[in-house]
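*Asks:* First the structure, which I've put down as structure tokens, then a few questions once you've had a look.
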Amino acid sequence: MKSKHSVKIIVVLAVLLFSLFYTLPSTKMWDNAFGTISPAEQRAVPQRLLEFTAGSDGASALIKFQVDRMAEIFNLPKNPARPDDVLNNVVDTARKAFVDMNVEARVFNPDYANGNVSLRVAGKTKEEAQALLGAANLYSKLPLAITSLFPRSRITLGLDLKGGIDLVYQVDLNSIQENDSITDAVSRSVEIIRNRIDMFGIAEPSIKAQDGNRIRIQLPGVKDPERVKQLIQNTAMLQFHMVKDQALTAAQLEPISPEGEIVLMQPGTPRQQAMWFKLVRRPEVTGRDLKFAKVSFDEMGAPIVHLEFNAEGAAKFAQVTGSHIGEQLAIVLDNKVHSAPVIQSRITGGMAQITGRFTLEEAQNLAIVLRAGALPASLIALESRVVGPTLGQESIKAGWSAGIIGALLVLLFMAFFYKFCGFLADLAVIFNTLIIFGVLVFFGGTLTLPGIAGLILTLGFAVDANVIIFERIKEEFRSGKTVRASINAGFDRAFSCIIDSNVTTLLTVAILYIFGSGPIRGFATTLGIGLIANVFTAIICVKLALDLYYSGDRAKTLSI
Amino acid sequence: MTFQFMKNRYTFFGLSITLIVISILLLLVKGLNYGIDFKGGSILHVRFVDESSESKIRDNFRQIAKDRSLYFTADQIVVQSVAGGQNREFIIQYPAAPMDTAQNAEVHDHILSDLKRLAPFSDEALEVSNVGPTIGDELKKQGLQAAVLSVVGILLYLAYRFEFQSATGAIIALVHDLLIVLGAISLIGLEFDVTVLAAILTLLGYSVNDSIVVLDRIRENRKITKETSFAAVIDASINQTLGRTLNTSITTLLALFALLILGGISIKGFATTLTIGCIIGTYSSIFIASPVLYEMTGDKIGRAK
């Protein structure tokens with residue numbers, strides 16, 4: 001008897017430790033004590049990362065970032081970090097921190113090779129800028145920006161709580177090249193979208209091919225959904241065509257020969273009218289010949305996209321520019337003419353630039369999609385769900401207060417109705433909740449809003465097994481058995497009932513998990529874990545507590 | 001104190017049959033108010049900087065529809081003011097395009113940016129969902145499959161653990177709960193979305209869970225009873241488990257009420273469905289499951305199993 005108890009005690013303590021171990025890092029308390037990144041990790045960020053100098057005008061500050069060591073230290077686990085992606089992210093985070101505080105900050109001179117970049121902060125002195133960036137707590141924000149560099153087990157919040165994007169696309173079969181297989185096109189699209197998203201730097205993306213030529217993309221915590229959607233949807237087919245003619249309307253163009261020529265439009269902007277071009281149908285050079293693309297800045301500080309071709313592309317480019325000096329070469333992106341510069345001289349070395357008509361963000365997007373490659377087919381959006389971070393925050397708050405109040409009501413009811421035994425059941429309910437969180441973190445499950453609802457439902461449900469047992473103990477006790485005999489009989493008799501009733505509920509929960517997606521799956525997860533934990537706490541823990549408490553002298557009266 | 005459940009069973013059968021008939025009629029005549037998850041369409045949940053109203057929003061949509069030559073008119077949108085949103089927070093729904101094409105995605109982006117331009121948001125949009133018509137149809141099919149699979153799974157498990165008549169009693173109680181809850185959802189016009197479907201599937205488990213506790217007791221009492229009539233065994237069993245049935249329902253309802261009142265708008269449909277279901281499920285486990293078992297077995301106690 002004694003040894004049986006000690007085994008149980010060890011098991012219960014182990015489960016308790018396990019739950020605490022995985023639950024605590026997700027709490028606010030933990031953050032307050034240790035920060036969102038650990039002290040060791042903070043020390044790992046080189047102190048020389050930021051360098052503040054006064055601007056030449058005296059009224060602005062320059063912040064210089066040294067990022068190459070960052071790439072070395074924070075080597076991304078899955079995709080080897082390209083220093084410039086890390087650079088973009090770090091600078092982006094800093095820039096956003098300033099923008100959030102209504103301070104204008106401009107990025108310039110990015111040097112991707114050496115990982116240096118400067119940020120000009122207008123209207124602030126060196127010291128003010130330093131203080132502001134300090135207040136923005138940049139260090140604690142960096143890990144988020146540089147994707148999941150610190151795999152600390154924390155609870156994963158679903159898109160509906162964290163905010164984020166959930167997209168379902170269908171690969172447009174009509175747009176697939178004739179010699180391309182459908183499955184191949186889908187899997188290549190997934191790969192390319194993944195590359196684009198990794199380069200953009202979003203933590204924990206999920207990009208999966210599904211049945212029916214579909215691709216599901218889930219991106220948590222995205223602040224700029226429109227931009228990210230553009231990043232995904234753009235086919236990014238880059239082609240260079242020789243220009244035959246241009247005019248303000250399609251009708252004004254010279255007649256075309258459909259086999260050899262095409263007509264494409266350059267969309268208008270507020271400052272420029274739309275233009276129509278007659279182009280040679282066969283492209284001279286395409287994005288397939290691209291080796292690299294990156295954002296850089298021209299003498300005016302305007303963003304440009306710098307292209308670097310591979311050997312084959314460079315040769316083609318040199319050949320075409322050499323033989324067409326003085327003619328126009330149209331840069332065509334996704335079947336729209338971006339620009340049509342005049343060829344000034346033969347371009348060797350395989351470098352080219354796309355200039356003009358960009359904001360910094362557009363240029364960054366373009367560089368990313370070009371680098372990641374063109375999609376083999378265009379995408380049809382079947383479903384798009386964007387949850388802003390505000391709603392997520394509010395949902396968490398609402399769920400939290402509903403959970404606290406719900407829990408209190410249930411706990412009070414149990415303590416009132418079943419006295420001391422009810423109090424034990426209350427402890428079991430709290431333990432149960434802890435286990436749900438712990439297991440959720442351990443298995444990397446996702447907490448969604450319906451998941452929180454499932455958790456609250458479990459609070460009400462979790463006492464069920466205890467209620468069944470307690471009612472049974474009461475009955476046995478009334479029939480004249482001793483306290484200990486009643487407790488044992490109560491547990492024995494209630495056992496089959498508890499198993500049967502939980503198995504059927506688990507069955508429906510399993511079906512929900514299989515059929516549901518996203519938020520619903522989160523619900524099934526918490527409810528499922530809750531049901532199993534419930535059986536454990538009710539049958540093992542409460543029994544153990546009752547056995548330990550009602551031994552010896554105390555086993556004369558039963559508080560139930 | 002013991003209650004005579006069996007004596008009054010026909011009263012409750014009558015009540016249940018009436019409720020079921022009303023529910024079926026409601027489902028046939030009024031139907032379910034499907035959300036965009038199932039019928040396709042778009043939802044914009046936004047908070048405006050300035051106070052707004054349904055007619056103002058409709059006017060804005062009239063403008064957008066004119067500028068963009070949209071596939072729907074401003075009269076087709078549904079505007080819902082969010083309670084506690086100080087006339088600034090609204091949920092706007094508009095229908096799905098007739099088919100999925102590559103252009104649709106752009107249309108939605110245009111509508112959002114136009115609306116933002118006409119009436120600025122205080123934040124980014126709280127929630128923007130666009131569901132094409134294809135996905136909705138598939139989801140309906142999947143939901144139905146999941147429900148059928150659940151019922152069959154439960155039936156198989158019950159048939160394995162209990163004898164056929166008990167299993168049938170539990171399943172009839174389950175179908176009873178399902179129909180009445182669907183009827184109630186139709187009656188109050190609750191928007192039927194994925195979370196409501198999840199709530200209903202959960203109820204299937206919950207309803208059977210409740211019935212099992214009683215049936216398990218009957219199974220046990222049959223073996224040891226000194227009573228001579230099965231009706232008396234059933235009455236005794238229901239009475240013995242009554243405390244548990246009520247207490248579990250009360251704790252579950254307490255948690256659900258907290259969720260219903262404090263859980264926020266996104267979870268309202270889910271909490272409402274579960275609350276209704278919890279009440280109906282408790283009722284059926286007491287008044288339907290075991291009496292059905294009795295009707296099928298007759299008054300023989302049958303200690304065989």
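Convention: chains lettered A, B, ... in structure tokens order; per-chain residue numbering from 1; ligands numbered from 1 as shown.
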Which residues are close to Val196 of chain B, i.e. within 9 Å by only C-alpha atoms, leaving aside same-chain residues fewer than 6 positions away? Reply as a JSON list (two decimals) with N, CA and C atoms, in the first residue's frame.
*Replies:*
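Output (result25.json):
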```json
[["chain", "number", "residue", "atom", "x", "y", "z"],
["B", 190, "LEU", "N", -29.20, 32.55, -35.47],
["B", 190, "LEU", "CA", -27.77, 32.59, -35.17],
["B", 190, "LEU", "C", -26.96, 32.29, -36.44],
["B", 269, "GLY", "N", -21.45, 32.89, -30.99],
["B", 269, "GLY", "CA", -22.24, 31.85, -31.61],
["B", 269, "GLY", "C", -21.91, 30.48, -31.03],
["B", 270, "PHE", "N", -20.62, 30.28, -30.83],
["B", 270, "PHE", "CA", -20.12, 29.04, -30.26],
["B", 270, "PHE", "C", -20.68, 28.81, -28.86],
["B", 271, "ALA", "N", -20.59, 29.85, -28.01],
["B", 271, "ALA", "CA", -21.05, 29.73, -26.63],
["B", 271, "ALA", "C", -22.57, 29.55, -26.57],
["B", 272, "THR", "N", -23.28, 30.27, -27.45],
["B", 272, "THR", "CA", -24.74, 30.15, -27.47],
["B", 272, "THR", "C", -25.16, 28.72, -27.80],
["B", 273, "THR", "N", -24.53, 28.18, -28.86],
["B", 273, "THR", "CA", -24.88, 26.82, -29.29],
["B", 273, "THR", "C", -24.62, 25.82, -28.16],
["B", 274, "LEU", "N", -23.47, 25.94, -27.53],
["B", 274, "LEU", "CA", -23.15, 24.99, -26.47],
["B", 274, "LEU", "C", -24.10, 25.13, -25.28]]
```
*Asks:* Could you pull out the residues in segment 33-64 of chain B that DSSP calls strand (DSSP E) from the backbone, as a list in words?
*Replies:*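 Listing strand (DSSP E) positions across segment 33-64 of chain B yields Asn33, Tyr34, Gly41, Ser42, Ile43, Leu44, His45, Val46 and Arg47 of chain B.
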*Asks:* For N, CA, C and O atoms, I'd like the residues from the last selection saved as a short mmCIF file (atom, residue, chain, number, x, y, z; two decimals), in the first residue's frame.
*Replies:*
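Saved the output as result-v2.cif:
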```
data_model
loop_
_atom_site.label_atom_id
_atom_site.label_comp_id
_atom_site.auth_asym_id
_atom_site.auth_seq_id
_atom_site.Cartn_x
_atom_site.Cartn_y
_atom_site.Cartn_z
N ASN B 33 -29.04 30.28 -41.01
CA ASN B 33 -28.42 31.52 -41.48
C ASN B 33 -26.93 31.26 -41.63
O ASN B 33 -26.15 31.51 -40.73
N TYR B 34 -26.55 30.71 -42.80
CA TYR B 34 -25.15 30.34 -43.01
C TYR B 34 -24.25 31.56 -43.02
O TYR B 34 -24.57 32.58 -43.61
N GLY B 41 -18.31 34.60 -49.37
CA GLY B 41 -18.60 36.01 -49.14
C GLY B 41 -17.50 36.64 -48.33
O GLY B 41 -16.47 36.02 -48.06
N SER B 42 -17.71 37.89 -47.96
CA SER B 42 -16.65 38.61 -47.28
C SER B 42 -17.15 39.28 -46.02
O SER B 42 -18.31 39.68 -45.94
N ILE B 43 -16.26 39.36 -45.04
CA ILE B 43 -16.57 40.06 -43.80
C ILE B 43 -15.49 41.10 -43.56
O ILE B 43 -14.30 40.81 -43.65
N LEU B 44 -15.93 42.31 -43.30
CA LEU B 44 -14.98 43.35 -42.86
C LEU B 44 -15.38 43.74 -41.45
O LEU B 44 -16.49 44.22 -41.24
N HIS B 45 -14.50 43.51 -40.51
CA HIS B 45 -14.76 43.94 -39.13
C HIS B 45 -13.84 45.14 -38.88
O HIS B 45 -12.62 44.98 -38.82
N VAL B 46 -14.43 46.31 -38.81
CA VAL B 46 -13.61 47.52 -38.75
C VAL B 46 -14.08 48.45 -37.64
O VAL B 46 -15.21 48.36 -37.15
N ARG B 47 -13.16 49.31 -37.24
CA ARG B 47 -13.49 50.34 -36.26
C ARG B 47 -13.16 51.67 -36.92
O ARG B 47 -12.01 51.93 -37.27
#
```
*Asks:* Skip Phe309 of chain A itself and residues of its chain fewer than 2 positions away, then list as a list in words all residues within 10 Å of it, counting only C-alpha atoms.
*Replies:*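 The neighbour list is Val285, Thr286, Gly287, Arg288, Asp289, Leu290, Lys291, Phe292, Ala293, Leu307, Ala311, Glu312, Gly313, Ala314, Ala315, Lys316, Phe317, Gly349, Gly350, Met351 and Ala352 of chain A.
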*Asks:* Just to confirm, what's the straight-line distance from atom CA of Gly406 of chain A to atom CA of Leu256 of chain B in Å (one decimal)?
*Replies:*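 Taking atom CA of Gly406 of chain A as the start and atom CA of Leu256 of chain B as the end point, the length is 7.3 Å.
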*Asks:* Select, as a PyMOL selection string, those residues of chain B with any atom no more than 7 Å from chain A (distances computed using only C-alpha atoms).
*Replies:* chain B and resi 100-102+105+124-132+135+142+146+150+154+195+198+201-202+205-206+209+212-213+216+243-244+248+251-252+254-256+258-259+262-264
*Asks:* Output C-alpha atoms for every residue in that selection, as a PDB file, in the first residue's frame.
*Replies:*
```
ATOM      1  CA  ASP B 100     -13.344  32.063 -58.183  1.00  0.00           C
ATOM      2  CA  THR B 101     -10.995  33.905 -60.483  1.00  0.00           C
ATOM      3  CA  ALA B 102      -7.569  35.452 -60.180  1.00  0.00           C
ATOM      4  CA  ALA B 105      -8.490  38.966 -54.827  1.00  0.00           C
ATOM      5  CA  GLU B 124      -5.868  48.463 -39.309  1.00  0.00           C
ATOM      6  CA  ALA B 125      -8.997  46.473 -40.084  1.00  0.00           C
ATOM      7  CA  LEU B 126      -9.756  44.202 -37.126  1.00  0.00           C
ATOM      8  CA  GLU B 127     -10.631  41.314 -39.354  1.00  0.00           C
ATOM      9  CA  VAL B 128     -10.966  40.834 -43.094  1.00  0.00           C
ATOM     10  CA  SER B 129     -12.163  37.524 -44.460  1.00  0.00           C
ATOM     11  CA  ASN B 130     -12.900  36.651 -48.047  1.00  0.00           C
ATOM     12  CA  VAL B 131     -14.192  33.192 -48.784  1.00  0.00           C
ATOM     13  CA  GLY B 132     -14.757  32.143 -52.369  1.00  0.00           C
ATOM     14  CA  ILE B 135     -14.529  26.561 -50.411  1.00  0.00           C
ATOM     15  CA  GLN B 142     -16.986  18.175 -44.835  1.00  0.00           C
ATOM     16  CA  ALA B 146     -17.779  14.889 -39.795  1.00  0.00           C
ATOM     17  CA  SER B 150     -19.179  11.094 -35.278  1.00  0.00           C
ATOM     18  CA  ILE B 154     -20.347   6.733 -31.256  1.00  0.00           C
ATOM     19  CA  THR B 195     -17.288  27.531 -34.728  1.00  0.00           C
ATOM     20  CA  ALA B 198     -17.612  22.693 -33.951  1.00  0.00           C
ATOM     21  CA  LEU B 201     -20.032  18.273 -32.984  1.00  0.00           C
ATOM     22  CA  THR B 202     -18.856  18.756 -29.395  1.00  0.00           C
ATOM     23  CA  GLY B 205     -20.053  13.886 -27.584  1.00  0.00           C
ATOM     24  CA  TYR B 206     -21.477  15.709 -24.607  1.00  0.00           C
ATOM     25  CA  ASN B 209     -21.580  11.354 -22.365  1.00  0.00           C
ATOM     26  CA  ILE B 212     -23.949   6.967 -20.823  1.00  0.00           C
ATOM     27  CA  VAL B 213     -23.773   7.862 -17.151  1.00  0.00           C
ATOM     28  CA  ASP B 216     -24.096   2.639 -17.248  1.00  0.00           C
ATOM     29  CA  GLY B 243     -27.192  14.563  -8.635  1.00  0.00           C
ATOM     30  CA  ARG B 244     -24.301  13.971 -10.983  1.00  0.00           C
ATOM     31  CA  THR B 248     -22.108  18.520 -14.107  1.00  0.00           C
ATOM     32  CA  THR B 251     -20.712  23.539 -13.653  1.00  0.00           C
ATOM     33  CA  THR B 252     -20.620  23.319 -17.447  1.00  0.00           C
ATOM     34  CA  LEU B 254     -21.479  28.220 -15.245  1.00  0.00           C
ATOM     35  CA  ALA B 255     -18.391  28.067 -17.448  1.00  0.00           C
ATOM     36  CA  LEU B 256     -20.490  28.601 -20.563  1.00  0.00           C
ATOM     37  CA  ALA B 258     -18.969  33.229 -18.352  1.00  0.00           C
ATOM     38  CA  LEU B 259     -17.942  32.545 -21.930  1.00  0.00           C
ATOM     39  CA  LEU B 262     -17.464  37.868 -21.291  1.00  0.00           C
ATOM     40  CA  GLY B 263     -15.990  35.898 -24.172  1.00  0.00           C
ATOM     41  CA  GLY B 264     -16.365  38.585 -26.817  1.00  0.00           C
TER      42      GLY B 264
END
```
*Asks:* Determine, counting only C-alpha atoms, which protein, DNA and RNA residues have an atom within 9 Å of an atom of Asp114 of chain B; residues of the same chain fewer than 4 positions away are not included. Present the result as a list of chain:residue names.
*Replies:*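 Answer for this query is B:Asn60, B:Phe61, B:Ile64, B:Asp109, B:His110, B:Leu118, B:Ala119.
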*Asks:* Would you write out those residues with C-alpha atoms, as a short mmCIF file (atom, residue, chain, number, x, y, z; two decimals), in the first residue's frame?
*Replies:*
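The result, written out as result.cif:
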```cif
data_model
loop_
_atom_site.label_atom_id
_atom_site.label_comp_id
_atom_site.auth_asym_id
_atom_site.auth_seq_id
_atom_site.Cartn_x
_atom_site.Cartn_y
_atom_site.Cartn_z
CA ASN B 60 -20.08 54.47 -48.99
CA PHE B 61 -20.63 51.10 -50.58
CA ILE B 64 -17.58 52.13 -54.24
CA ASP B 109 -8.32 44.72 -51.78
CA HIS B 110 -9.86 47.62 -53.71
CA LEU B 118 -14.04 57.18 -47.53
CA ALA B 119 -14.16 56.59 -43.77
#
```
*Asks:* May I have the residues within 12 Å of Ser19 of chain A as a VMD selection string, using only C-alpha atoms and disregarding those fewer than 5 positions away in the same chain?
*Replies:* chain A and resid 12 to 14 24 to 26 430 to 443 533
*Asks:* Could you please take those selected residues and save C-alpha atoms as a PDB file, in the first residue's frame?
*Replies:*
```pdb
ATOM      1  CA  VAL A  12       1.878  13.137  -9.946  1.00  0.00           C
ATOM      2  CA  LEU A  13       4.878  15.249  -9.011  1.00  0.00           C
ATOM      3  CA  ALA A  14       6.522  14.454 -12.346  1.00  0.00           C
ATOM      4  CA  LEU A  24       5.959  29.079 -16.909  1.00  0.00           C
ATOM      5  CA  PRO A  25       8.015  30.474 -19.818  1.00  0.00           C
ATOM      6  CA  SER A  26       4.750  31.599 -21.423  1.00  0.00           C
ATOM      7  CA  ILE A 430      -6.350  23.856 -11.600  1.00  0.00           C
ATOM      8  CA  PHE A 431      -3.865  21.050 -12.109  1.00  0.00           C
ATOM      9  CA  ASN A 432      -5.851  19.995 -15.154  1.00  0.00           C
ATOM     10  CA  THR A 433      -5.571  23.477 -16.681  1.00  0.00           C
ATOM     11  CA  LEU A 434      -1.850  23.495 -16.013  1.00  0.00           C
ATOM     12  CA  ILE A 435      -1.471  20.143 -17.736  1.00  0.00           C
ATOM     13  CA  ILE A 436      -3.378  21.395 -20.773  1.00  0.00           C
ATOM     14  CA  PHE A 437      -1.000  24.330 -21.115  1.00  0.00           C
ATOM     15  CA  GLY A 438       2.069  22.212 -20.506  1.00  0.00           C
ATOM     16  CA  VAL A 439       1.125  19.553 -23.039  1.00  0.00           C
ATOM     17  CA  LEU A 440       0.090  22.218 -25.528  1.00  0.00           C
ATOM     18  CA  VAL A 441       3.521  23.831 -25.307  1.00  0.00           C
ATOM     19  CA  PHE A 442       5.339  20.511 -25.316  1.00  0.00           C
ATOM     20  CA  PHE A 443       3.701  19.248 -28.493  1.00  0.00           C
ATOM     21  CA  ALA A 533      -5.920  15.143 -18.179  1.00  0.00           C
TER      22      ALA A 533
END
```
